[in-house]
Amino acid sequence: MEGKAGALTLTKRIRVNGVPAEASLAADGTLRWRAGDGGERCLAVESEVLGFEAEGQRITLRAFVGASRGASCGGVSFGKRTRRDYVLELPTEEPVLQWSQRLRDCIKSLETKYQLHAQEIARSLGLLKYDGIVCVSGDGVLVEVVNGLLQREDWDTAIKVPLGIIPAGTGNGMAKSLLDSVGDLYSVSNATFAVIRGHKRTLDVATVLQGEKKFFSVLMLTWGLVADIDIESEKYRWMGSARLDFYSLLRMMNLRRYHGHVQFVPAPGYESYGEPIKQNGSDMGNTVLPEQGRVNNAEVKSCGYPGPVASFDGLEWRSIDGPFISVWINNVPWAGEDIMPAPEAKFSDGCLDAAILRDCPKSALLGLMLKMSDGSYLKSPYVIYLKVKAFRLKPGQRVGNPTKGGIVDSDGEVIAMGDRVNGGIQQEYRMSYGPPLQLTVDQGLATIFSPR
């Protein structure tokens with residue numbers, strides 16, 4: 001018997017939840033069986049089966065089916081669903097492999113195999129049959145998906161596909177921010193139910209721009225202490241999440257400061273921060289992306305999303321000079337499960353929240369770091385916290401060591417590094433260290449599943 005696309009329909013006399021039945025699994029992913037009562041049952045594997053487990057002669061399907069229809073063919077579910085398991089017992093183990101492969105081909109899930117694989121998948125995925133994209137991962141995979149969607153020719157349609165995040169990594173700031181925004185406890189189950197409920201909210205996307213090079217960020221950009229801890233602690237990954245605490249202490253004991261310069265367009269209410277500058281006389285150059293889509297008189301490549309149409313004519317840019325201990329630009333409140341650098345950040349306010357640390361005694365810095373779990377570190381007189389509409393960073397070399405630069409880290413990925421030789425290996429990054437990087441915000445560009 002042939003299914004669609006010419007593939008054979010698999011048929012077998014099996015047991016379904018202990019009841020003998022004649023069953024078939026078509027190439028299109030429809031599982032049908034007829035039990036002793038003569039009634040036909042069916043499951044659409046692609047849309048109703050969350051996953052499965054094969055062991056011995058058994059295949060257990062974890063399904064999410066219409067509450068009123070169950071597995072009866074032709075029924076109506078009226079939108080309500082419930083979790084049910086279906087245990088298929090095959091006569092021998094041999095057909096289990098064949099049935100498992102067919103199920104694997106039909107279930108709408110993809111596993112990433114290497115760095116940037118999620119970006120490649122999102123860039124080439126046929127989106128018409130999907131109601132959303134759910135990342136079971138840390139924040140890095142979510143960011144890869146956003147970048148992949150915005151690199152497509154149909155980016156304006158693709159970025160409207162709702163995104164979901166179920167935390168399964170060391171950095172879970174987006175899931176924590178979403179759950180905390182409605183007072184829900186941070187947990188995998190609550191994050192899962194947030195996706196199942198299907199509520200959505202818009203999400204700002206920041207474009208990190210340097211000449212013709214672009215990176216799209218939904219979480220944060222860091223330079224200095226926080227970036228050093230995040231990236232350099234990778235060598236201690238075997239310690240689990242404790243690596244961050246351990247390396248934080250190590251870095252505070254051997255504190256680094258970096259030369260540099262920042263400029264920003266303050267949000268209303270934050271105009272008193274920094275010193276005013278003249279746009280045309282800026283020593284950072286004109287890196288604004290005006291309506292013509294040009295940066296530094298060079299055409300930005302038009303493949304995919306070009307970045308926000310941003311014109312800051314008539315707006316006052318202000319500046320802060322270094323040296324700096326840390327510069328931390330945030331799009332959401334939480335950077336991790338227990339790190340809250342931006343308590344005033346909103347998901348879709350068209351602003352970024354900047355936390356800047358220029359100087360701080362080591363004794364005060366330790367106490368400041370311990371208060372990041374609830375955002376109260378902002379009360380420290382050493383912290384500058386403000387909302388901005390646009391931000392420019394010109395990173396410099398380490399104070400006292402002009403041959404060493406720092407790390408610019410966006411959403412967990414190194415996008416620029418001052419020391420390009422790592423362990424004797426020449427490293428290439430998305431952007432160059434030293435020339436200015438600019439962040440501009442496209443308000444509510446993306447859509448994300450939210451608890452409420």
# chains A, B, ... in the order shown; residues from 1 in each chain; ligands from 1
>>> select_by_dssp(residues="range 226-383 of chain A", states="strand (DSSP E or B)", output="compact mmCIF listing (two decimals) with N, CA and C atoms, in the first residue's frame")
# COMPACT_ATOMS: atom_id res chain seq x y z
N TYR A 258 39.64 49.15 31.07
CA TYR A 258 39.87 49.32 29.64
C TYR A 258 39.65 50.77 29.21
N HIS A 259 40.56 51.25 28.37
CA HIS A 259 40.33 52.54 27.73
C HIS A 259 39.16 52.39 26.75
N GLY A 260 38.46 53.47 26.53
CA GLY A 260 37.36 53.41 25.58
C GLY A 260 36.48 54.64 25.66
N HIS A 261 35.43 54.63 24.86
CA HIS A 261 34.55 55.79 24.76
C HIS A 261 33.16 55.27 24.36
N VAL A 262 32.12 55.84 24.95
CA VAL A 262 30.75 55.48 24.57
C VAL A 262 29.96 56.74 24.24
N GLN A 263 29.03 56.59 23.31
CA GLN A 263 28.10 57.65 22.96
C GLN A 263 26.70 57.06 22.93
N PHE A 264 25.69 57.89 23.17
CA PHE A 264 24.33 57.38 23.21
C PHE A 264 23.32 58.50 22.99
N VAL A 265 22.15 58.09 22.50
CA VAL A 265 20.99 58.97 22.46
C VAL A 265 20.12 58.60 23.65
N PRO A 266 20.06 59.44 24.68
CA PRO A 266 19.31 59.06 25.88
C PRO A 266 17.81 59.02 25.63
N GLU A 275 28.10 63.78 28.72
CA GLU A 275 28.38 65.14 28.25
C GLU A 275 27.86 65.28 26.82
N PRO A 276 27.27 66.44 26.49
CA PRO A 276 26.76 66.63 25.12
C PRO A 276 27.90 66.69 24.12
N ARG A 294 22.80 53.94 4.45
CA ARG A 294 24.24 54.02 4.27
C ARG A 294 24.92 54.22 5.61
N VAL A 295 26.09 53.61 5.77
CA VAL A 295 26.88 53.75 6.98
C VAL A 295 28.29 54.12 6.57
N ALA A 298 29.20 53.93 3.04
CA ALA A 298 29.29 52.61 2.40
C ALA A 298 27.92 51.97 2.42
N GLU A 299 27.52 51.40 1.30
CA GLU A 299 26.19 50.80 1.21
C GLU A 299 26.14 49.53 2.04
N ARG A 318 25.10 62.09 23.51
CA ARG A 318 25.91 62.42 24.68
C ARG A 318 27.00 61.35 24.82
N SER A 319 28.03 61.64 25.62
CA SER A 319 29.17 60.73 25.67
C SER A 319 29.68 60.56 27.10
N ILE A 320 30.37 59.43 27.31
CA ILE A 320 31.07 59.14 28.56
C ILE A 320 32.44 58.58 28.18
N ASP A 321 33.48 59.14 28.75
CA ASP A 321 34.85 58.67 28.49
C ASP A 321 35.26 57.63 29.54
N PHE A 324 36.97 52.16 31.64
CA PHE A 324 35.79 51.45 32.12
C PHE A 324 36.19 50.10 32.72
N SER A 326 33.37 47.97 33.17
CA SER A 326 32.37 47.17 32.48
C SER A 326 31.36 48.07 31.79
N VAL A 327 30.91 47.65 30.60
CA VAL A 327 29.78 48.25 29.90
C VAL A 327 28.83 47.11 29.55
N TRP A 328 27.56 47.25 29.97
CA TRP A 328 26.59 46.16 29.85
C TRP A 328 25.30 46.74 29.29
N ILE A 329 24.94 46.37 28.06
CA ILE A 329 23.75 46.88 27.37
C ILE A 329 22.72 45.75 27.33
N ASN A 330 21.51 46.01 27.82
CA ASN A 330 20.51 44.95 28.01
C ASN A 330 19.20 45.25 27.28
N GLY A 336 20.51 35.82 33.31
CA GLY A 336 20.58 34.41 33.69
C GLY A 336 19.54 34.16 34.76
N ILE A 339 20.79 36.44 37.74
CA ILE A 339 21.51 37.69 37.46
C ILE A 339 20.55 38.67 36.80
N LEU A 352 17.20 50.38 24.97
CA LEU A 352 18.16 49.48 25.59
C LEU A 352 18.53 50.05 26.95
N ASP A 353 18.81 49.18 27.92
CA ASP A 353 19.18 49.61 29.26
C ASP A 353 20.68 49.41 29.45
N ALA A 354 21.37 50.50 29.72
CA ALA A 354 22.83 50.48 29.85
C ALA A 354 23.23 50.54 31.32
N ALA A 355 24.09 49.63 31.74
CA ALA A 355 24.69 49.65 33.08
C ALA A 355 26.20 49.80 32.89
N ILE A 356 26.74 50.93 33.32
CA ILE A 356 28.14 51.27 33.06
C ILE A 356 28.89 51.43 34.38
N LEU A 357 30.03 50.79 34.47
CA LEU A 357 30.89 50.86 35.66
C LEU A 357 32.24 51.39 35.23
N VAL A 383 27.70 52.83 39.87
CA VAL A 383 27.00 52.32 38.68
C VAL A 383 26.22 53.45 38.00
>>> residues_around(residues="Val208 in chain A", least_positions_apart="5", cutoff="6 Å", atoms="only C-alpha atoms", output="PDB file with all heavy atoms, in the first residue's frame")
ATOM      1  N   LYS A 214      26.776  43.064  10.364  1.00  0.00           N
ATOM      2  CA  LYS A 214      25.612  43.155  11.244  1.00  0.00           C
ATOM      3  C   LYS A 214      25.502  41.913  12.105  1.00  0.00           C
ATOM      4  O   LYS A 214      25.868  40.807  11.700  1.00  0.00           O
ATOM      5  CB  LYS A 214      24.324  43.293  10.428  1.00  0.00           C
ATOM      6  CG  LYS A 214      24.217  44.513   9.567  1.00  0.00           C
ATOM      7  CD  LYS A 214      22.822  44.687   9.001  1.00  0.00           C
ATOM      8  CE  LYS A 214      22.406  43.562   8.082  1.00  0.00           C
ATOM      9  NZ  LYS A 214      23.069  43.594   6.786  1.00  0.00           N
ATOM     10  N   PHE A 215      24.964  42.112  13.301  1.00  0.00           N
ATOM     11  CA  PHE A 215      24.586  41.010  14.185  1.00  0.00           C
ATOM     12  C   PHE A 215      23.312  41.439  14.887  1.00  0.00           C
ATOM     13  O   PHE A 215      23.183  42.592  15.309  1.00  0.00           O
ATOM     14  CB  PHE A 215      25.694  40.717  15.207  1.00  0.00           C
ATOM     15  CG  PHE A 215      25.365  39.597  16.159  1.00  0.00           C
ATOM     16  CD1 PHE A 215      25.480  38.272  15.757  1.00  0.00           C
ATOM     17  CD2 PHE A 215      24.930  39.861  17.449  1.00  0.00           C
ATOM     18  CE1 PHE A 215      25.177  37.235  16.636  1.00  0.00           C
ATOM     19  CE2 PHE A 215      24.628  38.829  18.330  1.00  0.00           C
ATOM     20  CZ  PHE A 215      24.756  37.519  17.913  1.00  0.00           C
ATOM     21  N   GLN A 438      27.787  50.186  16.690  1.00  0.00           N
ATOM     22  CA  GLN A 438      26.570  50.908  17.019  1.00  0.00           C
ATOM     23  C   GLN A 438      25.408  49.945  17.211  1.00  0.00           C
ATOM     24  O   GLN A 438      25.256  48.981  16.464  1.00  0.00           O
ATOM     25  CB  GLN A 438      26.210  51.910  15.932  1.00  0.00           C
ATOM     26  CG  GLN A 438      24.879  52.617  16.189  1.00  0.00           C
ATOM     27  CD  GLN A 438      24.732  53.893  15.408  1.00  0.00           C
ATOM     28  OE1 GLN A 438      25.583  54.778  15.483  1.00  0.00           O
ATOM     29  NE2 GLN A 438      23.666  54.009  14.647  1.00  0.00           N
ATOM     30  N   LEU A 439      24.587  50.213  18.223  1.00  0.00           N
ATOM     31  CA  LEU A 439      23.372  49.445  18.483  1.00  0.00           C
ATOM     32  C   LEU A 439      22.170  50.358  18.271  1.00  0.00           C
ATOM     33  O   LEU A 439      22.091  51.448  18.850  1.00  0.00           O
ATOM     34  CB  LEU A 439      23.336  48.919  19.917  1.00  0.00           C
ATOM     35  CG  LEU A 439      24.257  47.751  20.282  1.00  0.00           C
ATOM     36  CD1 LEU A 439      25.670  48.263  20.556  1.00  0.00           C
ATOM     37  CD2 LEU A 439      23.733  47.007  21.506  1.00  0.00           C
TER      38      LEU A 439
END
>>> closest_atom_pairs(of="range 122-195 of chain A", to="range 216-226 of chain A", cutoff="9 Å", atoms="only C-alpha atoms", output="JSON lines")
{"residue": "A:Asp139", "atom": "CA", "partner": "A:Leu219", "partner_atom": "CA", "distance": 8.3}
{"residue": "A:Leu142", "atom": "CA", "partner": "A:Val218", "partner_atom": "CA", "distance": 8.8}
{"residue": "A:Val143", "atom": "CA", "partner": "A:Ser217", "partner_atom": "CA", "distance": 6.7}
{"residue": "A:Glu144", "atom": "CA", "partner": "A:Phe216", "partner_atom": "CA", "distance": 8.9}
{"residue": "A:Val146", "atom": "CA", "partner": "A:Phe216", "partner_atom": "CA", "distance": 7.2}
{"residue": "A:Asn147", "atom": "CA", "partner": "A:Phe216", "partner_atom": "CA", "distance": 5.7}
{"residue": "A:Leu150", "atom": "CA", "partner": "A:Phe216", "partner_atom": "CA", "distance": 8.1}
{"residue": "A:Gly173", "atom": "CA", "partner": "A:Leu219", "partner_atom": "CA", "distance": 7.7}
{"residue": "A:Met174", "atom": "CA", "partner": "A:Leu219", "partner_atom": "CA", "distance": 7.2}
>>> closest_residue(among="A:Lys235, A:Lys362, A:Arg197, A:Lys213", to="Asn254 in chain A", atoms="only C-alpha atoms")
A:Lys362
